[in-house]
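Below you'll find the structure, written out as structure tokens, and then a few comments.
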Amino acid sequence: MKLEIGTYILDIDKDVTKNFYKSYYEITKNCNCASCRNYLLAINNFPIEIKYLFEKLGIEMDKAAEVYIPYKDDNGLLIYDGFYHISGSILTFQEVFTMINIREDFSVGFRNECNLVPKTFPTPVIEMSFRAKLPWLLNEKNTY
């Protein structure tokens, strides 16, 4: 399925991606840090257009390959970076990696170079990086 997101044109296999994520595990299975646990809570509050993007790509939001908090903004929101894998290829993209704003508080970019790809992930595979501004939702002290 061809999909255009900003300057990127992707050829993805939503069904293959979706089938992989059905049997994959939540990020907190291998990591129980506050950042990952807070991310799991925050994704439940994502706006509909963000949830729709993940659904359109066949990705289950709670099964990121990686999430982390590099910093906090001036308003106290946590800046989350992370990435997911998608079965497919990038047909057109910029020479320099570019993030596309889906909303003011959420952007994505795509690349062929992938990190932490599970051995069972089907090929071809691309990586969707994201940056999100999210609140602290855990009922414990925010140490970030």
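The way I read the labels, and the way they are meant: chains A, B, ... in the order of the structure tokens, residue 1 as the first residue of every chain, and ligand 1 as the first ligand shown, with later ones counted on from there.
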Distance table requested - stretch 16-37 of chain A against stretch 125-138 of chain A, cut-off 12 Å, only C-alpha atoms: one row per qualifying residue with the closest atom pair and its distance in Å to one decimal, ordered by chain and rising residue number, as CSV.
residue,atom,partner,partner_atom,distance
A:Val16,CA,A:Val125,CA,10.6
A:Thr17,CA,A:Val125,CA,9.3
A:Phe20,CA,A:Val125,CA,11.7
A:Cys33,CA,A:Leu138,CA,11.3
A:Ala34,CA,A:Leu138,CA,7.8
A:Ser35,CA,A:Trp136,CA,9.0
A:Cys36,CA,A:Leu138,CA,10.5
A:Arg37,CA,A:Leu138,CA,7.6
- For stretch 59-75 of chain A, list every protein, DNA or RNA residue within 9 Å, evaluated using only C-alpha atoms, and leave out those in the same chain fewer than 6 positions away; present the list as a VMD selection string. chain A and resid 14 17 to 18 20 to 22 24 to 28 35 to 36 39 to 40 43 51 53 81 to 86 115 to 118 133 144
Those same residues - N, CA and C atoms - I'd like them written as a compact mmCIF listing (two decimals), in the first residue's frame.
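Full text of result_33.txt as output:
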# COMPACT_ATOMS: atom_id res chain seq x y z
N LYS A 14 0.78 -3.21 5.47
CA LYS A 14 0.11 -3.04 6.75
C LYS A 14 -0.22 -4.37 7.40
N THR A 17 2.89 -6.06 8.87
CA THR A 17 3.29 -5.31 10.06
C THR A 17 2.35 -5.61 11.22
N LYS A 18 1.07 -5.58 10.94
CA LYS A 18 0.05 -5.83 11.98
C LYS A 18 0.19 -7.23 12.56
N PHE A 20 2.88 -9.05 12.73
CA PHE A 20 4.06 -9.10 13.59
C PHE A 20 3.73 -8.55 14.97
N TYR A 21 3.11 -7.37 15.02
CA TYR A 21 2.85 -6.72 16.31
C TYR A 21 1.85 -7.49 17.17
N LYS A 22 0.99 -8.30 16.56
CA LYS A 22 0.05 -9.12 17.33
C LYS A 22 0.78 -10.04 18.29
N TYR A 24 4.09 -9.67 19.21
CA TYR A 24 5.21 -9.01 19.87
C TYR A 24 4.77 -8.53 21.25
N TYR A 25 5.70 -8.10 22.08
CA TYR A 25 5.38 -7.74 23.46
C TYR A 25 5.47 -6.23 23.70
N GLU A 26 4.80 -5.79 24.77
CA GLU A 26 4.86 -4.38 25.18
C GLU A 26 6.27 -4.00 25.57
N ILE A 27 6.58 -2.72 25.46
CA ILE A 27 7.93 -2.25 25.78
C ILE A 27 8.31 -2.52 27.23
N THR A 28 7.34 -2.61 28.12
CA THR A 28 7.67 -2.82 29.53
C THR A 28 7.99 -4.28 29.87
N SER A 35 10.27 5.88 32.40
CA SER A 35 10.04 6.45 31.07
C SER A 35 9.12 5.54 30.25
N CYS A 36 9.41 4.25 30.21
CA CYS A 36 8.58 3.31 29.45
C CYS A 36 7.18 3.17 30.05
N TYR A 39 5.19 6.26 29.23
CA TYR A 39 4.82 6.25 27.81
C TYR A 39 3.58 5.39 27.58
N LEU A 40 3.53 4.23 28.22
CA LEU A 40 2.35 3.36 28.06
C LEU A 40 1.07 4.04 28.53
N ILE A 43 0.19 7.11 25.84
CA ILE A 43 -0.34 6.79 24.51
C ILE A 43 -1.85 6.61 24.52
N LYS A 51 -3.44 8.31 16.70
CA LYS A 51 -3.89 6.91 16.75
C LYS A 51 -4.21 6.39 15.35
N LEU A 53 -2.83 7.38 12.52
CA LEU A 53 -1.57 7.16 11.81
C LEU A 53 -1.00 5.78 12.16
N ASP A 81 11.54 10.57 22.50
CA ASP A 81 12.01 10.09 21.21
C ASP A 81 11.90 8.58 21.23
N GLY A 82 11.72 8.00 20.06
CA GLY A 82 11.65 6.55 19.98
C GLY A 82 11.45 6.10 18.55
N PHE A 83 11.24 4.80 18.38
CA PHE A 83 11.02 4.30 17.03
C PHE A 83 10.28 2.97 17.04
N TYR A 84 9.67 2.70 15.89
CA TYR A 84 8.93 1.48 15.60
C TYR A 84 9.43 0.95 14.26
N HIS A 85 9.12 -0.31 13.96
CA HIS A 85 9.47 -0.90 12.68
C HIS A 85 8.21 -1.16 11.86
N ILE A 86 8.37 -1.05 10.56
CA ILE A 86 7.26 -1.24 9.62
C ILE A 86 7.75 -2.12 8.48
N ASN A 115 17.40 0.18 13.76
CA ASN A 115 18.05 -0.24 14.99
C ASN A 115 17.13 -1.19 15.75
N LEU A 116 17.75 -2.12 16.47
CA LEU A 116 17.02 -3.04 17.35
C LEU A 116 15.89 -3.78 16.66
N VAL A 117 16.10 -4.19 15.43
CA VAL A 117 15.06 -4.93 14.70
C VAL A 117 14.99 -6.35 15.27
N PRO A 118 13.81 -6.77 15.71
CA PRO A 118 13.67 -8.15 16.19
C PRO A 118 14.02 -9.16 15.08
N LYS A 133 5.68 15.31 22.63
CA LYS A 133 5.65 16.05 23.90
C LYS A 133 4.54 15.43 24.73
N TYR A 144 12.81 13.10 35.66
CA TYR A 144 13.38 13.57 34.39
C TYR A 144 13.39 15.08 34.32
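In this comparison, which uses only C-alpha atoms, the residue of A:Arg103, A:Asn30, A:Asn142, A:Ile12 approaching A:Gly76 most closely is A:Asn142.
In this structure, atom CA of A:Pro47 sits 13.8 Å away from atom CA of A:Asn101.
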- Interatomic distance between atom CA of A:Gly58 and atom CA of A:Asp105? 21.5 Å
- Query: From the set A:Asn32, A:Tyr52, A:Gly88, A:Leu78, which residue has the shortest atom-to-atom contact distance to A:Asn112, counting only C-alpha atoms?
  - Reply: A:Gly88
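Across the structure, atom CA of A:Thr143 and atom CA of A:Glu104 are spaced 24.8 Å apart.
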